[in-house]
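Below is one structure; the comments refer to it alone.
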Amino acid sequence: MRRIIGLLVLILALGDAQTVGSARILEQSGQLERALSEYRLALRKQPQNLSAFQGFRRISVQLEGYDSLVAVSERLLKAAPWELQFALGKIDGLFGLKRRKQALTECRRAAKRWPEQIPLLVGVLEHWKEYSEATRYLVRMRSSKRDELLYADRLVELYEYQGRYAQAVHEIVGIVNRRAGSLDGYLEKLKEYARKAGSGPLLAELGKVKAPLTRARAQAEVFLALGNEDEAVKRVRKVMNKDALCRFAHKCEQSGALNAALEIYREQNLYPDQARVLRKLGHGDAALRVLAQDDTPGALFELAELYRLENKEYQKAAQVYGRVLKHWRNHEPALFGLASSQVALGQLNRALVTLRRTKSPTDRVLFLLVQVFFYQMEFDSSQGYVSELVHRFPNSVLVNDGLELVLLSHSGERSCELARAMLELKTGVGNAAVRRCLALTAGDDAVAEQAYFLLAQIVRSQGKPKDALAILDEFIERFEQSPRRARARFEQVEIVGNDLKDENKYRQTLEEFVVDFPGSPYAPVARSLLAEANRPVEPGEIR
């Protein structure tokens, strides 16, 4: 008899498991109403099935079935008052019904009954954006444990959500003081907080970092975020050795803090690095004077980069890259620079020979191969290298550009005309490129669209930003359904900000972009730029 009863219990349990399993499948396939019914059925058969209840609670919140969630949670709590999950379900339902006072009462009750499970309660409060309440519970629990690091990362996030950046930094400082080497993981947050809250409150907290080097680095990042590069360098100069200062300078350069990097490079007599930064700052003559003091391969490479990128003297650049490669035979940057110079000189076959010397082609080498074959109208070879680019570097920013060239290669003679125009533009034959582009804009295909972008690029390079804006306006008006409209509008944002330097128009164009193209790949960048443009500038700060 006992064996029969056991078998019956097992059969019933298997039936409940199948019901929960089918509910999960329905939920994963997006059939939420049917999944909710299956979870509800499983709970009727086995009221304490937590998997069924968690599914029921999850979907009830998604579908805003809060009345039902409260009712079911209360019924289950009466039968199993020891089960926290049912209490959390009731709290979810009450918050969903806007019965905040009752929900907070249930939170206090749950915290008292299940003090070790407060992090789960905090998760519910966080979901309903009750960040202040969540913080209070977590701080209280952390205090009872007498462990400064317990839940510190979670508290950083909660303070951040509330805009309480000084408190967030206080938690970060506690982590950094107790966990050596942890600062790097918080540098981006510190910079973000500085841009939002200014330096004052943050520096006071960062002053509590015990290790002098770590403290100086953290404070320097705050000053860099606010554009005060001189103060950033002052903070680190006193505590960093030569190697550490060089690493800091390279990071400054990578993040765009060029003046800070230049100051350190000058102090260390690093001529190639000085020249590179001077070139980026647009001081080509000063870079040449610096490089005249150094004849090392590194200085030669920077000289070649200056000739190619700044002066557009491609013949000189090619000669100097050749000298670099006598010292560094497989130096990828020099090979890429030489090939790029050869393309600009119209020496496409030589460029192919140079690019094939690279032992492990990078994404930019592969993309230059794609471009060269496109210019030569060997579209099959171009597509082959695009496939390799996609396969080897799927996350590269150049993948979309490569795929775009594949799309442009399927229009017969119009593709060939576009390739000729692109090569003419690359080799400085601008007038011929303009004539071809004007003819190509008469179509309604991808080639016509690209011709508009090339035209805008040409007139912009000629110092006519308003003409470039007009060309992109015409593109947007003509190609209303084109997925490239977002790109055209974003290029207009860049022209207004970088060429016209009209701050009010820049903000307006960004705001319009965010509204009109919220799902565009450019949208996150636009939102970030808009936030930066709208942020008040502190005294002495550089935007």
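Chain lettering (A, B, ...) mirrors the order of the structure tokens, residue numbering begins at 1 for each chain separately, and ligand numbering begins at 1 in order of display.
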Item checked: DSSP helix (DSSP H, G or I) residues within segment 277-526 of chain A, listed as a count of residues only -> 188
Next item on the list: Can you pull out every residue within 8 Å of Leu262 of chain A, counting only C-alpha atoms, but drop anything in the same chain fewer than 6 positions away, and send it as a ChimeraX atom specification?
Entry: /A:249,273-274,277-278
Output file for the selection above: N, CA and C atoms, as a CSV table (one decimal), in the first residue's frame:
```
chain,number,residue,atom,x,y,z
A,249,ALA,N,50.7,59.0,-19.1
A,249,ALA,CA,50.7,59.9,-20.3
A,249,ALA,C,50.1,59.1,-21.5
A,273,ASP,N,57.0,60.6,-29.1
A,273,ASP,CA,55.7,60.7,-28.4
A,273,ASP,C,55.2,62.2,-28.5
A,274,GLN,N,56.2,63.1,-28.2
A,274,GLN,CA,55.9,64.5,-28.3
A,274,GLN,C,55.3,64.9,-29.7
A,277,VAL,N,51.8,63.7,-30.5
A,277,VAL,CA,50.7,64.5,-29.8
A,277,VAL,C,50.6,65.9,-30.5
A,278,LEU,N,51.8,66.5,-30.8
A,278,LEU,CA,51.7,67.8,-31.5
A,278,LEU,C,51.0,67.7,-32.8
```
12 Å contact set for Lys501 of chain A, only C-alpha atoms, chain neighbours under 6 positions out, as a compact mmCIF listing (two decimals) with all heavy atoms, in the first residue's frame:
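The new file out_36.txt reads:
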```
# COMPACT_ATOMS: atom_id res chain seq x y z
N PRO A 465 31.40 73.85 -45.16
CA PRO A 465 30.52 73.02 -44.34
C PRO A 465 29.03 73.24 -44.60
O PRO A 465 28.24 72.30 -44.53
CB PRO A 465 30.89 73.42 -42.90
CG PRO A 465 31.53 74.76 -43.02
CD PRO A 465 32.23 74.76 -44.35
N LYS A 466 28.65 74.49 -44.93
CA LYS A 466 27.22 74.74 -45.19
C LYS A 466 26.76 74.04 -46.46
O LYS A 466 25.62 73.55 -46.54
CB LYS A 466 26.96 76.25 -45.28
CG LYS A 466 27.13 76.96 -43.94
CD LYS A 466 26.80 78.44 -44.03
CE LYS A 466 26.94 79.10 -42.66
NZ LYS A 466 26.66 80.56 -42.72
N GLN A 492 25.71 65.46 -40.13
CA GLN A 492 25.35 66.87 -39.96
C GLN A 492 25.67 67.35 -38.55
O GLN A 492 26.12 68.48 -38.35
CB GLN A 492 23.86 67.07 -40.27
CG GLN A 492 23.52 66.95 -41.75
CD GLN A 492 22.05 67.23 -42.01
OE1 GLN A 492 21.18 66.84 -41.25
NE2 GLN A 492 21.78 67.94 -43.10
N VAL A 493 25.42 66.48 -37.56
CA VAL A 493 25.78 66.82 -36.18
C VAL A 493 27.27 67.14 -36.09
O VAL A 493 27.68 68.15 -35.49
CB VAL A 493 25.43 65.65 -35.23
CG1 VAL A 493 26.08 65.86 -33.86
CG2 VAL A 493 23.93 65.49 -35.08
N GLU A 494 28.09 66.29 -36.71
CA GLU A 494 29.54 66.50 -36.65
C GLU A 494 29.96 67.78 -37.36
O GLU A 494 30.85 68.50 -36.88
CB GLU A 494 30.26 65.30 -37.28
CG GLU A 494 30.10 64.00 -36.48
CD GLU A 494 30.82 62.84 -37.13
OE1 GLU A 494 30.85 62.81 -38.38
OE2 GLU A 494 31.34 61.99 -36.40
N ILE A 495 29.32 68.09 -38.47
CA ILE A 495 29.67 69.31 -39.22
C ILE A 495 29.32 70.55 -38.39
O ILE A 495 30.12 71.49 -38.28
CB ILE A 495 28.93 69.33 -40.58
CG1 ILE A 495 29.48 68.24 -41.49
CG2 ILE A 495 29.07 70.70 -41.24
CD1 ILE A 495 28.66 68.02 -42.75
N ARG A 507 23.52 71.56 -30.13
CA ARG A 507 22.60 70.93 -29.17
C ARG A 507 21.26 70.61 -29.83
O ARG A 507 20.69 69.54 -29.63
CB ARG A 507 22.37 71.85 -27.97
CG ARG A 507 23.56 71.99 -27.04
CD ARG A 507 23.15 72.67 -25.74
NE ARG A 507 24.31 73.07 -24.98
CZ ARG A 507 24.90 74.25 -25.08
NH1 ARG A 507 24.42 75.16 -25.91
NH2 ARG A 507 25.96 74.53 -24.35
```
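Taking only C-alpha atoms, the non-local environment of Ala287 of chain A within 10 Å (same-chain residues fewer than 4 positions away omitted) comprises A:Tyr271, A:Pro272, A:Asp273, A:Gln274, A:Ala275, A:Arg276, A:Val277, A:Leu278, A:Arg279, A:Lys280, A:Leu281, A:Gly282, A:His283, A:Leu291, A:Ala292, A:Glu302, A:Leu303, A:Leu306.
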Next item on the list: Choose the residue, out of A:Ala71, A:Ala451, A:Val122, A:Ala111, that has the smallest atom-to-atom separation from Leu94 of chain A; count only C-alpha atoms.
Entry: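 Under the stated criterion, the closest residue is A:Ala71.
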Checklist line | Point-to-point distance in Å for atom CA of Leu407 of chain A and atom CA of Ala442 of chain A | finding: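 Interatomic distance, atom CA of Ala442 of chain A to atom CA of Leu407 of chain A: 18.2 Å.
Here atom CA of Lys426 of chain A is placed at a distance of 14.4 Å from atom CA of Arg460 of chain A.
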Note to self: So that I can check the surroundings of Arg435 of chain A, please list as a ChimeraX atom specification every protein, DNA and RNA residue that reaches within 9 Å of it, counting only C-alpha atoms and ignoring chain neighbours fewer than 5 positions away.
What the structure shows: /A:421,430,440
Next item on the list: Tell me which protein, DNA and RNA residues are within 8 Å of segment 142-156 of chain A, counting only C-alpha atoms, leaving out same-chain ones fewer than 4 positions away, and put them as a list in words.
Entry: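 Contacts, with the query itself left out: Thr135, Leu138, Glu160, Gln167, Ala168, Val169, Glu171, Ile172, Gly174, Ile175 and Arg178 of chain A.
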Next item on the list: Could you please determine the separation between atom CA of Arg356 of chain A and atom CA of Pro333 of chain A in Å, to one decimal place?
Entry: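 Between these atoms lies a distance of 13.5 Å.
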